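Undergrad: Below are the structure tokens for one structure; questions will follow.
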Amino acid sequence: MEAEQLASHLASAWSIREGVQPVTELNPNLTIHEAYQIQLATIKQEVNRGHRITGKKIGLTSKAMQDMLGVGEPDYGHLLSNMVIENRGSIPFHKVLQPKVEGEIAFILKEDLKGPNVTSMNVIQATDVVVAALEIVDSRIKDWKITLEDTVADNASSGLYVLGEKPKKLTEIDVKQLGMALYKNDSLQNTGVGAAALGDPVKCVAWLANKLSEFDITLKAGEVILSGALSAAVEAKPGDHFYAKFAELGEVSITFTE
């Protein structure tokens with residue numbers, strides 16, 4: 001099947017309101033490069049519908065997640081204008097399929113970054129501010145039965161995202177040591193620290209810029225980069241309220257409604 005057909009297959013999850021068959025079952029020989037082509041076809045379809053690319057997200061930044069999928073590097077997906085949720089806002093459950101919530105550090109760029117030779121110093125120079133973030137990961141694939149190729153094709157299991165309102169310059173904080181606590185319905189679910197994302201979230205953004213150069217894609221000034229989960233994703237149901245407290249970066253929260 002062609003990339004456009006497989007992108008449409010994934011998109012059909014929204015019309016039937018449940019996950020669909022993994023793309024690797026439809027195309028057992030799917031390569032990572034081909035999976036990214038499916039992702040790009042999906043993003044092209046979304047842009048043609050009037051949505052705007054607002055940034056990128058980095059996934060599989062923890063060793064545990066990489067080991068689970070048998071890979072040695074992260075993956076990435078695109079963020080779109082229809083994925084943005086206001087801090088302290090609500091998410092009607094019809095906007096998601098099988099959501100999970102993660103706490104992350106988001107980078108907001110003031111300069112373009114284009115690989116293949118982007119360094120951590122380049123990232124620091126190109127970053128305007130960092131803010132607290134919640135990423136709502138979601139999967140168009142039934143029961144999250146995914147391989148690396150499946151999640152890449154499915155826009156790195158991107159769903160929605162929420163940004164905090166207490167920006168900090170990278171020169172003001174040490175993102176590697178930045179602590180985060182994630183709560184669900186006032187119950188602490190897990191904690192994490194910036195170093196959980198490849199040892200340094202700045203390195204994650206550098207990896208992304210260099211990876212994107214394989215597809216001749218540039219990270220643009222003004223884009224939001226979700227740099228990777230600081231702890232395990234937590235399943236969400238209607239009525240659940242999530243908030244994450246970040247040292248230095250404040251609090252970010254969201255509620256799922258019926």
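Here's how to read the names in the structure tokens: chain A, B, ... by the order shown, residue numbers from 1 in each chain, ligand numbers from 1 in the order shown.
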Which residues in range 156-201 of chain A does DSSP call strand (DSSP E or B)? List them as a list in words.

TA: Leu160, Tyr161, Val162, Leu163, Lys168, Gly179, Met180, Ala181, Leu182, Tyr183, Lys184, Ser187, Leu188, Gln189, Asn190, Thr191, Gly192 and Val193 of chain A

Undergrad: What are the closest atom pairs, with distances in Å to one decimal, for all residues of range 81-182 of chain A lying within 6 Å of range 196-219 of chain A? Consider only C-alpha atoms, order rows by chain and residue number, and present the result as JSON lines.

TA:
```
{"residue": "A:Asp112", "atom": "CA", "partner": "A:Leu219", "partner_atom": "CA", "distance": 5.5}
{"residue": "A:Leu113", "atom": "CA", "partner": "A:Leu219", "partner_atom": "CA", "distance": 5.0}
{"residue": "A:Lys114", "atom": "CA", "partner": "A:Thr218", "partner_atom": "CA", "distance": 4.8}
{"residue": "A:Gly115", "atom": "CA", "partner": "A:Asn210", "partner_atom": "CA", "distance": 4.1}
{"residue": "A:Pro116", "atom": "CA", "partner": "A:Asn210", "partner_atom": "CA", "distance": 4.3}
{"residue": "A:Val118", "atom": "CA", "partner": "A:Ala206", "partner_atom": "CA", "distance": 5.6}
{"residue": "A:Thr119", "atom": "CA", "partner": "A:Ala206", "partner_atom": "CA", "distance": 5.7}
{"residue": "A:Ser120", "atom": "CA", "partner": "A:Lys203", "partner_atom": "CA", "distance": 5.7}
{"residue": "A:Lys176", "atom": "CA", "partner": "A:Asp200", "partner_atom": "CA", "distance": 5.2}
```

Undergrad: Could you save the residues just selected, with C-alpha atoms, as a tab-separated table (two decimals), in the first residue's frame?

TA:
```tsv
chain	number	residue	atom	x	y	z
A	112	ASP	CA	15.74	28.27	12.76
A	113	LEU	CA	17.69	25.06	13.36
A	114	LYS	CA	18.76	22.96	10.38
A	115	GLY	CA	20.90	19.83	10.54
A	116	PRO	CA	22.91	17.77	9.97
A	118	VAL	CA	23.44	20.92	15.00
A	119	THR	CA	25.09	20.87	18.45
A	120	SER	CA	23.72	21.45	21.95
A	176	LYS	CA	18.93	18.36	33.19
```

Undergrad: With distances taken over only C-alpha atoms, which of A:Asn155, A:Ser90, A:Gln37, A:Asn82 is nearest to Ala11 in chain A?

TA: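 Distance minimum relative to Ala11 in chain A lands on A:Asn155.
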
Undergrad: Between A:Val23, A:Ala236, A:Ala247, A:Ile146, which has the minimum distance to Gln39 in chain A (counting only C-alpha atoms)?

TA: A:Val23

Undergrad: Between A:Glu18, A:Glu4, A:Glu34, A:Glu258, which one has atoms that come closest to Glu149 in chain A, using only C-alpha atoms?

TA: A:Glu34

Undergrad: Calculated over only C-alpha atoms, which of the candidates A:Ala106, A:Ile85, A:Leu178, A:Val137 has the smallest distance to Ile225 in chain A?

TA: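 Of A:Ala106, A:Ile85, A:Leu178, A:Val137, the one nearest Ile225 in chain A is A:Ala106, counting only C-alpha atoms.
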
Undergrad: Residues within 8 Å of Glu73 in chain A, please, as a list in words. Count only C-alpha atoms; anything in the same chain fewer than 4 positions from it doesn't count.

TA: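 Those residues are Leu60, Thr61 and Gln66 of chain A.
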
Undergrad: Out of A:Ala233, A:His94, A:Thr147, A:Phe107, which residue has the shortest atom-to-atom distance to Ser15 in chain A when counting only C-alpha atoms?

TA: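 Among the listed residues, A:His94 lies closest to Ser15 in chain A.
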
Undergrad: Let me make sure I understand: among A:Ala221, A:Asn122, A:Met83, A:Met1, which one has the smallest atom-to-atom distance to Asn29 in chain A if we use only C-alpha atoms?

TA: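 Nearest to Asn29 in chain A: A:Met1.
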
Undergrad: Calculate how many Å separate CA of Lys63 in chain A from CA of Thr24 in chain A, rounding to one decimal.

TA: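 CA of Lys63 in chain A sits 23.2 Å away from CA of Thr24 in chain A.
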
Undergrad: Fewer than 4 positions away in the same chain doesn't count, so skip those; otherwise give me all residues within 9 Å of range 127-136 of chain A, counting only C-alpha atoms, as a PyMOL selection string.

TA: chain A and resi 57+87+96+99-111+122-123+158-170+175+221-222+226+229+233+236+242-246+249-254

Undergrad: Excluding His51 in chain A and any residue of its chain fewer than 6 positions from it, enumerate the residues within 12 Å of it, using only C-alpha atoms, and give them as a ChimeraX atom specification.

TA: /A:42-45,78-84

Undergrad: Can you write out the residues you just picked, keeping C-alpha atoms, as a PDB file, in the first residue's frame?

TA:
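File written: part.pdb
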```pdb
ATOM      1  CA  THR A  42      -0.654  12.445   7.122  1.00  0.00           C
ATOM      2  CA  ILE A  43       0.721  15.917   7.870  1.00  0.00           C
ATOM      3  CA  LYS A  44       0.206  16.965   4.243  1.00  0.00           C
ATOM      4  CA  GLN A  45      -3.437  15.860   4.487  1.00  0.00           C
ATOM      5  CA  HIS A  78       4.634  16.883  14.018  1.00  0.00           C
ATOM      6  CA  LEU A  79       2.578  19.246  16.167  1.00  0.00           C
ATOM      7  CA  LEU A  80      -0.367  21.004  14.548  1.00  0.00           C
ATOM      8  CA  SER A  81      -2.510  24.032  15.371  1.00  0.00           C
ATOM      9  CA  ASN A  82      -5.521  21.816  16.144  1.00  0.00           C
ATOM     10  CA  MET A  83      -3.546  19.959  18.843  1.00  0.00           C
ATOM     11  CA  VAL A  84      -3.115  22.985  21.140  1.00  0.00           C
TER      12      VAL A  84
END
```

Undergrad: I need the helix (DSSP H, G or I) residues of range 67-245 of chain A per DSSP on the backbone, written as a PyMOL selection string.

TA: chain A and resi 67-69+81-83+93-95+120-126+142-144+148-153+155-157+175-177+194-196+201-215

Undergrad: Using N, CA and C atoms, can you export the residues from the last selection as a tab-separated table (two decimals), in the first residue's frame?

TA:
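So the final result, stored in selection-v3.tsv, reads:
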```tsv
chain	number	residue	atom	x	y	z
A	67	ASP	N	14.13	0.28	24.82
A	67	ASP	CA	14.30	-1.17	25.01
A	67	ASP	C	13.01	-1.92	24.70
A	68	MET	N	11.88	-1.32	25.09
A	68	MET	CA	10.59	-1.97	24.88
A	68	MET	C	10.31	-2.19	23.39
A	69	LEU	N	10.71	-1.22	22.56
A	69	LEU	CA	10.48	-1.33	21.12
A	69	LEU	C	11.71	-1.81	20.37
A	81	SER	N	-1.74	22.99	14.68
A	81	SER	CA	-2.51	24.03	15.37
A	81	SER	C	-3.77	23.48	16.03
A	82	ASN	N	-4.32	22.38	15.53
A	82	ASN	CA	-5.52	21.82	16.14
A	82	ASN	C	-5.21	20.87	17.30
A	83	MET	N	-3.94	20.78	17.70
A	83	MET	CA	-3.55	19.96	18.84
A	83	MET	C	-3.37	20.78	20.12
A	93	PHE	N	-13.89	14.21	25.44
A	93	PHE	CA	-13.30	12.90	25.15
A	93	PHE	C	-13.51	12.46	23.70
A	94	HIS	N	-14.40	13.15	22.98
A	94	HIS	CA	-14.55	12.80	21.56
A	94	HIS	C	-13.37	13.28	20.73
A	95	LYS	N	-12.48	14.11	21.33
A	95	LYS	CA	-11.30	14.60	20.61
A	95	LYS	C	-10.12	13.63	20.73
A	120	SER	N	24.46	20.94	20.79
A	120	SER	CA	23.72	21.45	21.95
A	120	SER	C	23.86	22.96	22.06
A	121	MET	N	25.05	23.48	21.78
A	121	MET	CA	25.25	24.93	21.84
A	121	MET	C	24.37	25.65	20.83
A	122	ASN	N	24.22	25.07	19.64
A	122	ASN	CA	23.33	25.66	18.64
A	122	ASN	C	21.89	25.71	19.16
A	123	VAL	N	21.47	24.65	19.84
A	123	VAL	CA	20.11	24.60	20.38
A	123	VAL	C	19.93	25.69	21.44
A	124	ILE	N	20.90	25.83	22.33
A	124	ILE	CA	20.82	26.85	23.39
A	124	ILE	C	20.71	28.24	22.77
A	125	GLN	N	21.50	28.49	21.73
A	125	GLN	CA	21.47	29.80	21.08
A	125	GLN	C	20.15	30.06	20.35
A	126	ALA	N	19.55	29.00	19.83
A	126	ALA	CA	18.33	29.15	19.02
A	126	ALA	C	17.06	29.14	19.85
A	142	LYS	N	-5.22	0.17	17.28
A	142	LYS	CA	-6.03	-0.51	18.29
A	142	LYS	C	-5.18	-1.02	19.46
A	143	ASP	N	-5.60	-0.66	20.67
A	143	ASP	CA	-5.01	-1.17	21.92
A	143	ASP	C	-3.52	-0.86	22.05
A	144	TRP	N	-3.04	0.16	21.36
A	144	TRP	CA	-1.62	0.53	21.45
A	144	TRP	C	-0.70	-0.64	21.08
A	148	LEU	N	7.85	0.15	16.43
A	148	LEU	CA	8.44	1.46	16.13
A	148	LEU	C	7.87	2.00	14.82
A	149	GLU	N	7.79	1.15	13.81
A	149	GLU	CA	7.29	1.60	12.50
A	149	GLU	C	5.85	2.09	12.60
A	150	ASP	N	5.05	1.41	13.43
A	150	ASP	CA	3.65	1.83	13.59
A	150	ASP	C	3.55	3.21	14.23
A	151	THR	N	4.30	3.43	15.30
A	151	THR	CA	4.18	4.73	15.98
A	151	THR	C	4.75	5.85	15.12
A	152	VAL	N	5.83	5.59	14.39
A	152	VAL	CA	6.37	6.62	13.48
A	152	VAL	C	5.33	6.98	12.41
A	153	ALA	N	4.74	5.96	11.80
A	153	ALA	CA	3.73	6.21	10.78
A	153	ALA	C	2.56	7.01	11.35
A	155	ASN	N	2.40	9.42	13.31
A	155	ASN	CA	2.86	10.73	13.79
A	155	ASN	C	3.40	10.63	15.21
A	156	ALA	N	4.16	9.57	15.48
A	156	ALA	CA	4.78	9.35	16.79
A	156	ALA	C	3.74	9.36	17.92
A	157	SER	N	2.56	8.82	17.61
A	157	SER	CA	1.46	8.74	18.60
A	157	SER	C	1.14	10.10	19.21
A	175	VAL	N	18.16	22.48	32.85
A	175	VAL	CA	17.05	21.60	32.46
A	175	VAL	C	17.35	20.13	32.77
A	176	LYS	N	18.60	19.76	32.86
A	176	LYS	CA	18.93	18.36	33.19
A	176	LYS	C	18.48	18.01	34.60
A	177	GLN	N	18.54	18.99	35.51
A	177	GLN	CA	18.20	18.76	36.91
A	177	GLN	C	16.76	19.18	37.25
A	194	GLY	N	14.67	16.27	34.18
A	194	GLY	CA	15.05	16.56	32.81
A	194	GLY	C	16.00	15.56	32.19
A	195	ALA	N	16.92	15.05	32.99
A	195	ALA	CA	17.91	14.10	32.48
A	195	ALA	C	17.29	12.79	32.00
A	196	ALA	N	16.00	12.55	32.31
A	196	ALA	CA	15.33	11.33	31.84
A	196	ALA	C	15.21	11.32	30.32
A	201	PRO	N	17.55	17.26	27.82
A	201	PRO	CA	16.57	17.65	26.81
A	201	PRO	C	17.16	18.47	25.66
A	202	VAL	N	18.23	19.23	25.93
A	202	VAL	CA	18.87	20.00	24.86
A	202	VAL	C	19.41	19.06	23.78
A	203	LYS	N	19.99	17.93	24.21
A	203	LYS	CA	20.49	16.95	23.25
A	203	LYS	C	19.36	16.36	22.40
A	204	CYS	N	18.18	16.22	23.02
A	204	CYS	CA	17.03	15.72	22.26
A	204	CYS	C	16.68	16.64	21.11
A	205	VAL	N	16.70	17.93	21.36
A	205	VAL	CA	16.36	18.90	20.31
A	205	VAL	C	17.44	18.89	19.22
A	206	ALA	N	18.70	18.77	19.62
A	206	ALA	CA	19.78	18.67	18.63
A	206	ALA	C	19.61	17.42	17.78
A	207	TRP	N	19.27	16.30	18.44
A	207	TRP	CA	19.04	15.05	17.69
A	207	TRP	C	17.93	15.27	16.66
A	208	LEU	N	16.86	15.93	17.08
A	208	LEU	CA	15.72	16.15	16.19
A	208	LEU	C	16.12	16.97	14.97
A	209	ALA	N	16.82	18.07	15.20
A	209	ALA	CA	17.22	18.92	14.07
A	209	ALA	C	18.07	18.13	13.07
A	210	ASN	N	18.94	17.29	13.60
A	210	ASN	CA	19.81	16.50	12.72
A	210	ASN	C	19.04	15.40	12.00
A	211	LYS	N	18.10	14.76	12.70
A	211	LYS	CA	17.28	13.72	12.08
A	211	LYS	C	16.42	14.31	10.96
A	212	LEU	N	15.86	15.48	11.21
A	212	LEU	CA	14.99	16.10	10.22
A	212	LEU	C	15.73	16.47	8.94
A	213	SER	N	17.05	16.65	9.05
A	213	SER	CA	17.81	17.01	7.85
A	213	SER	C	17.75	15.89	6.81
A	214	GLU	N	17.49	14.64	7.27
A	214	GLU	CA	17.35	13.53	6.32
A	214	GLU	C	16.15	13.73	5.39
A	215	PHE	N	15.17	14.55	5.85
A	215	PHE	CA	13.96	14.80	5.07
A	215	PHE	C	13.91	16.25	4.59
```

Undergrad: Would you list the contacts of Phe256 in chain A as a ChimeraX atom specification, taking every protein, DNA or RNA residue within 6 Å and counting only C-alpha atoms, but skipping same-chain residues closer than 2 positions in sequence?

TA: /A:90-92,238-240
